[in-house]
Amino acid sequence: MSGTATPNPGIRLLVADDEHLIRGALVALLSLEPDIEVVATAENGSIAVEQALEHRPDVCLLDLEMPEADGLEAATRILARVSTRVVIVTRHARPGVLRRALASKVSGFVPKSTPAEELADVIRAVAAGKRYVDPEIAATALSAERCPLTDRELDVMRHSRSTLSVQQIADRLHLAPGTVRNYLSSAMTKLDAASRHEAAERAWQQGWI
């Protein structure tokens, strides 16, 4: 991205990444920008939500893959309660993730390989009300397969990546165990998977969950 974005004085930024070295590097580099102030950091998605509620930053820079709540889940929770803008950074841009990000009203989506100066420009553009998506990620998303699963099937798939039993998944989703089994069977058929764990892994690889 070019450096033509007009600086927005005093952009208050939250940085969330579960990798300590990366989080520290982002904070150090972005703090060198005269118009960007890092007001909070977080090592997982749940803390990112708490910090966003407390500090009300102008922009939240969230890693996609975080424990407790991933970047998209954290973004959804933050944007429901705070007037802010969200930029997602990721090491592995799985195809369907961008569609989920845009549906979650995320304003920016960039790879972790983005140079600090470009990332600062993205933050400025997003703070000014614009949207930025890395061109390579956008191209990959446009050519990606559409998700064939329903929202409920996706909910069940998310929980199936863990070691939870059908009964535990049913309890968490407030469904009957038989209903969960039906969703699992349908998802497995659509994804041509031999097990629910295989189906969940395929859905994750595509970025649908």
# chains A, B, ... in the order shown; residues from 1 in each chain; ligands from 1
call {"tool": "residues_around", "arguments": {"residues": "region 11-18 of chain A", "least_positions_apart": "2", "cutoff": "7 Å", "atoms": "only C-alpha atoms", "output": "list in words"}}
result
Asn8, Pro9, His20, Arg23, Asp35, Ile36, Glu37, Val38, Val39, Ala40, Thr41, Ala42, Glu43, Asn44, Ala48, Pro57, Asp58, Val59, Cys60, Leu61, Leu62, Asp63 and Met66 of chain A
call {"tool": "closest_atom_pairs", "arguments": {"of": "region 99-172 of chain A", "to": "region 72-78 of chain A", "cutoff": "9 Å", "atoms": "only C-alpha atoms", "output": "tab-separated table"}}
result
residue	atom	partner	partner_atom	distance
A:Arg100	CA	A:Leu72	CA	7.7
A:Ala101	CA	A:Leu72	CA	6.3
A:Ser104	CA	A:Thr76	CA	5.8
A:Lys105	CA	A:Thr76	CA	7.9
A:Val106	CA	A:Ala75	CA	7.1
call {"tool": "closest_residue", "arguments": {"among": "A:Ile88, A:Ile209, A:Ala127, A:Leu64", "to": "Arg161 (chain A)", "atoms": "only C-alpha atoms"}}
result
A:Ile209
call {"tool": "select_by_dssp", "arguments": {"residues": "region 14-203 of chain A", "states": "strand (DSSP E or B)", "output": "CSV table (one decimal) with N, CA and C atoms, in the first residue's frame"}}
result
chain,number,residue,atom,x,y,z
A,14,LEU,N,-5.0,-0.5,19.9
A,14,LEU,CA,-4.9,-1.7,20.7
A,14,LEU,C,-4.2,-2.8,19.9
A,15,VAL,N,-3.2,-3.4,20.4
A,15,VAL,CA,-2.5,-4.5,19.7
A,15,VAL,C,-2.7,-5.8,20.5
A,16,ALA,N,-3.2,-6.8,19.8
A,16,ALA,CA,-3.4,-8.1,20.4
A,16,ALA,C,-2.8,-9.2,19.6
A,36,ILE,N,0.5,7.7,16.1
A,36,ILE,CA,-0.1,6.4,16.6
A,36,ILE,C,0.4,6.2,18.0
A,37,GLU,N,-0.6,6.0,18.9
A,37,GLU,CA,-0.3,5.8,20.3
A,37,GLU,C,-0.9,4.4,20.7
A,38,VAL,N,0.0,3.5,21.1
A,38,VAL,CA,-0.5,2.2,21.6
A,38,VAL,C,-1.0,2.3,23.0
A,39,VAL,N,-2.3,2.2,23.2
A,39,VAL,CA,-2.9,2.4,24.5
A,39,VAL,C,-3.2,1.2,25.3
A,40,ALA,N,-3.1,0.0,24.6
A,40,ALA,CA,-3.4,-1.3,25.3
A,40,ALA,C,-2.8,-2.4,24.5
A,41,THR,N,-2.5,-3.5,25.1
A,41,THR,CA,-2.1,-4.7,24.5
A,41,THR,C,-2.8,-5.9,25.1
A,42,ALA,N,-2.8,-7.0,24.4
A,42,ALA,CA,-3.5,-8.2,24.9
A,42,ALA,C,-2.8,-9.5,24.3
A,59,VAL,N,-8.5,2.1,16.8
A,59,VAL,CA,-8.3,1.0,16.0
A,59,VAL,C,-7.8,-0.2,16.8
A,60,CYS,N,-8.3,-1.4,16.5
A,60,CYS,CA,-7.8,-2.6,17.2
A,60,CYS,C,-7.1,-3.4,16.2
A,61,LEU,N,-5.8,-3.8,16.4
A,61,LEU,CA,-5.0,-4.6,15.6
A,61,LEU,C,-5.0,-6.0,16.2
A,62,LEU,N,-5.7,-7.0,15.6
A,62,LEU,CA,-5.9,-8.3,16.2
A,62,LEU,C,-5.3,-9.4,15.4
A,63,ASP,N,-4.5,-10.3,16.0
A,63,ASP,CA,-4.0,-11.5,15.4
A,63,ASP,C,-5.2,-12.4,15.1
A,85,ARG,N,-12.5,0.6,14.9
A,85,ARG,CA,-12.2,-0.1,13.7
A,85,ARG,C,-11.3,-1.2,13.9
A,86,VAL,N,-11.4,-2.3,13.2
A,86,VAL,CA,-10.6,-3.5,13.4
A,86,VAL,C,-9.8,-3.9,12.2
A,87,VAL,N,-8.5,-4.2,12.4
A,87,VAL,CA,-7.6,-4.7,11.4
A,87,VAL,C,-7.1,-6.1,11.9
A,88,ILE,N,-7.3,-7.1,11.0
A,88,ILE,CA,-6.9,-8.4,11.3
A,88,ILE,C,-5.6,-8.7,10.6
A,89,VAL,N,-4.6,-9.3,11.4
A,89,VAL,CA,-3.3,-9.7,10.8
A,89,VAL,C,-3.2,-11.2,11.0
A,90,THR,N,-2.7,-11.8,9.9
A,90,THR,CA,-2.6,-13.3,10.0
A,90,THR,C,-1.4,-13.8,9.3
A,108,GLY,N,-9.9,-4.0,8.0
A,108,GLY,CA,-8.6,-4.2,7.4
A,108,GLY,C,-8.2,-5.7,7.5
A,109,PHE,N,-7.5,-6.2,6.5
A,109,PHE,CA,-7.1,-7.6,6.6
A,109,PHE,C,-5.7,-7.7,5.9
A,110,VAL,N,-4.6,-8.0,6.7
A,110,VAL,CA,-3.3,-7.9,6.2
A,110,VAL,C,-2.5,-9.1,6.7
A,111,PRO,N,-1.4,-9.6,5.9
A,111,PRO,CA,-0.6,-10.6,6.4
A,111,PRO,C,0.5,-10.1,7.4
A,132,TYR,N,-9.2,-1.7,3.9
A,132,TYR,CA,-8.0,-2.1,3.2
A,132,TYR,C,-7.9,-3.7,3.3
A,133,VAL,N,-7.8,-4.3,2.2
A,133,VAL,CA,-7.6,-5.8,2.2
A,133,VAL,C,-6.3,-6.0,1.3
call {"tool": "closest_residue", "arguments": {"among": "A:Leu164, A:Arg91, A:Glu118, A:Leu154", "to": "Ile137 (chain A)", "atoms": "only C-alpha atoms"}}
result
A:Arg91
call {"tool": "residues_around", "arguments": {"residues": "Gln206 (chain A)", "least_positions_apart": "4", "cutoff": "8 Å", "atoms": "only C-alpha atoms", "output": "JSON, numbers by chain"}}
result
{"A": [94, 95, 96, 97, 202]}
call {"tool": "residues_around", "arguments": {"residues": "Ser162 (chain A)", "least_positions_apart": "2", "cutoff": "12 Å", "atoms": "only C-alpha atoms", "output": "ChimeraX atom specification"}}
result
/A:156-160,164-166,168-169,196-198,200-201
call {"tool": "write_last_selection", "arguments": {"atoms": "C-alpha atoms", "output": "PDB file, in the first residue's frame"}}
result
ATOM      1  CA  VAL A 156     -21.181 -27.815  15.353  1.00  0.00           C
ATOM      2  CA  MET A 157     -17.998 -28.014  13.245  1.00  0.00           C
ATOM      3  CA  ARG A 158     -16.277 -25.375  15.415  1.00  0.00           C
ATOM      4  CA  HIS A 159     -16.882 -27.448  18.526  1.00  0.00           C
ATOM      5  CA  SER A 160     -15.887 -30.653  16.729  1.00  0.00           C
ATOM      6  CA  LEU A 164     -15.840 -32.565  23.218  1.00  0.00           C
ATOM      7  CA  SER A 165     -18.381 -35.354  23.100  1.00  0.00           C
ATOM      8  CA  VAL A 166     -21.658 -35.041  21.201  1.00  0.00           C
ATOM      9  CA  GLN A 168     -21.030 -31.724  25.494  1.00  0.00           C
ATOM     10  CA  ILE A 169     -21.452 -30.024  22.109  1.00  0.00           C
ATOM     11  CA  ARG A 196     -16.627 -35.393  12.298  1.00  0.00           C
ATOM     12  CA  HIS A 197     -13.023 -34.498  13.140  1.00  0.00           C
ATOM     13  CA  GLU A 198     -12.008 -34.838   9.492  1.00  0.00           C
ATOM     14  CA  ALA A 200     -14.060 -30.040  11.052  1.00  0.00           C
ATOM     15  CA  GLU A 201     -10.446 -29.988   9.910  1.00  0.00           C
TER      16      GLU A 201
END
call {"tool": "select_by_dssp", "arguments": {"residues": "chain A", "states": "alpha helix (DSSP H)", "output": "count of residues only"}}
result
100
call {"tool": "closest_residue", "arguments": {"among": "A:Gln167, A:Pro148, A:Gln51, A:Asp70", "to": "Thr189 (chain A)", "atoms": "only C-alpha atoms"}}
result
A:Pro148
call {"tool": "residues_around", "arguments": {"residues": "Ala120 (chain A)", "least_positions_apart": "2", "cutoff": "10 Å", "atoms": "only C-alpha atoms", "output": "PDB file with C-alpha atoms, in the first residue's frame"}}
result
ATOM      1  CA  GLY A   3       2.140   6.015   1.790  1.00  0.00           C
ATOM      2  CA  ALA A   5      -2.935   8.176   3.311  1.00  0.00           C
ATOM      3  CA  PRO A   7      -2.200  10.966   8.828  1.00  0.00           C
ATOM      4  CA  LEU A  29       7.635  -0.255  15.697  1.00  0.00           C
ATOM      5  CA  LEU A  30       4.197   1.339  15.634  1.00  0.00           C
ATOM      6  CA  SER A  31       5.013   3.491  18.668  1.00  0.00           C
ATOM      7  CA  LEU A  32       7.701   5.150  16.545  1.00  0.00           C
ATOM      8  CA  GLU A  33       4.980   6.655  14.377  1.00  0.00           C
ATOM      9  CA  ASP A  35       0.507   9.930  15.106  1.00  0.00           C
ATOM     10  CA  ILE A  36      -0.054   6.447  16.591  1.00  0.00           C
ATOM     11  CA  THR A 114       3.448  -6.555   5.955  1.00  0.00           C
ATOM     12  CA  PRO A 115       6.272  -4.048   6.629  1.00  0.00           C
ATOM     13  CA  ALA A 116       5.731  -1.774   9.632  1.00  0.00           C
ATOM     14  CA  GLU A 117       5.490   1.383   7.502  1.00  0.00           C
ATOM     15  CA  GLU A 118       2.771  -0.162   5.332  1.00  0.00           C
ATOM     16  CA  VAL A 122      -3.252   0.726   6.810  1.00  0.00           C
ATOM     17  CA  ILE A 123      -4.017   1.786  10.381  1.00  0.00           C
ATOM     18  CA  ARG A 124      -4.235   5.441   9.282  1.00  0.00           C
ATOM     19  CA  ALA A 125      -6.514   4.597   6.363  1.00  0.00           C
ATOM     20  CA  VAL A 126      -8.794   2.473   8.525  1.00  0.00           C
TER      21      VAL A 126
END
call {"tool": "residues_around", "arguments": {"residues": "Lys190 (chain A)", "least_positions_apart": "5", "cutoff": "9 Å", "atoms": "only C-alpha atoms", "output": "list in words"}}
result
Pro148, Leu149, Ser185 and Ala199 of chain A
call {"tool": "atom_distance", "arguments": {"atom1": "CA of Thr84 (chain A)", "atom2": "CA of Val27 (chain A)"}}
result
18.6 Å
call {"tool": "closest_residue", "arguments": {"among": "A:His92, A:Pro177, A:Pro34, A:Asp192", "to": "Gly10 (chain A)", "atoms": "only C-alpha atoms"}}
result
A:Pro34
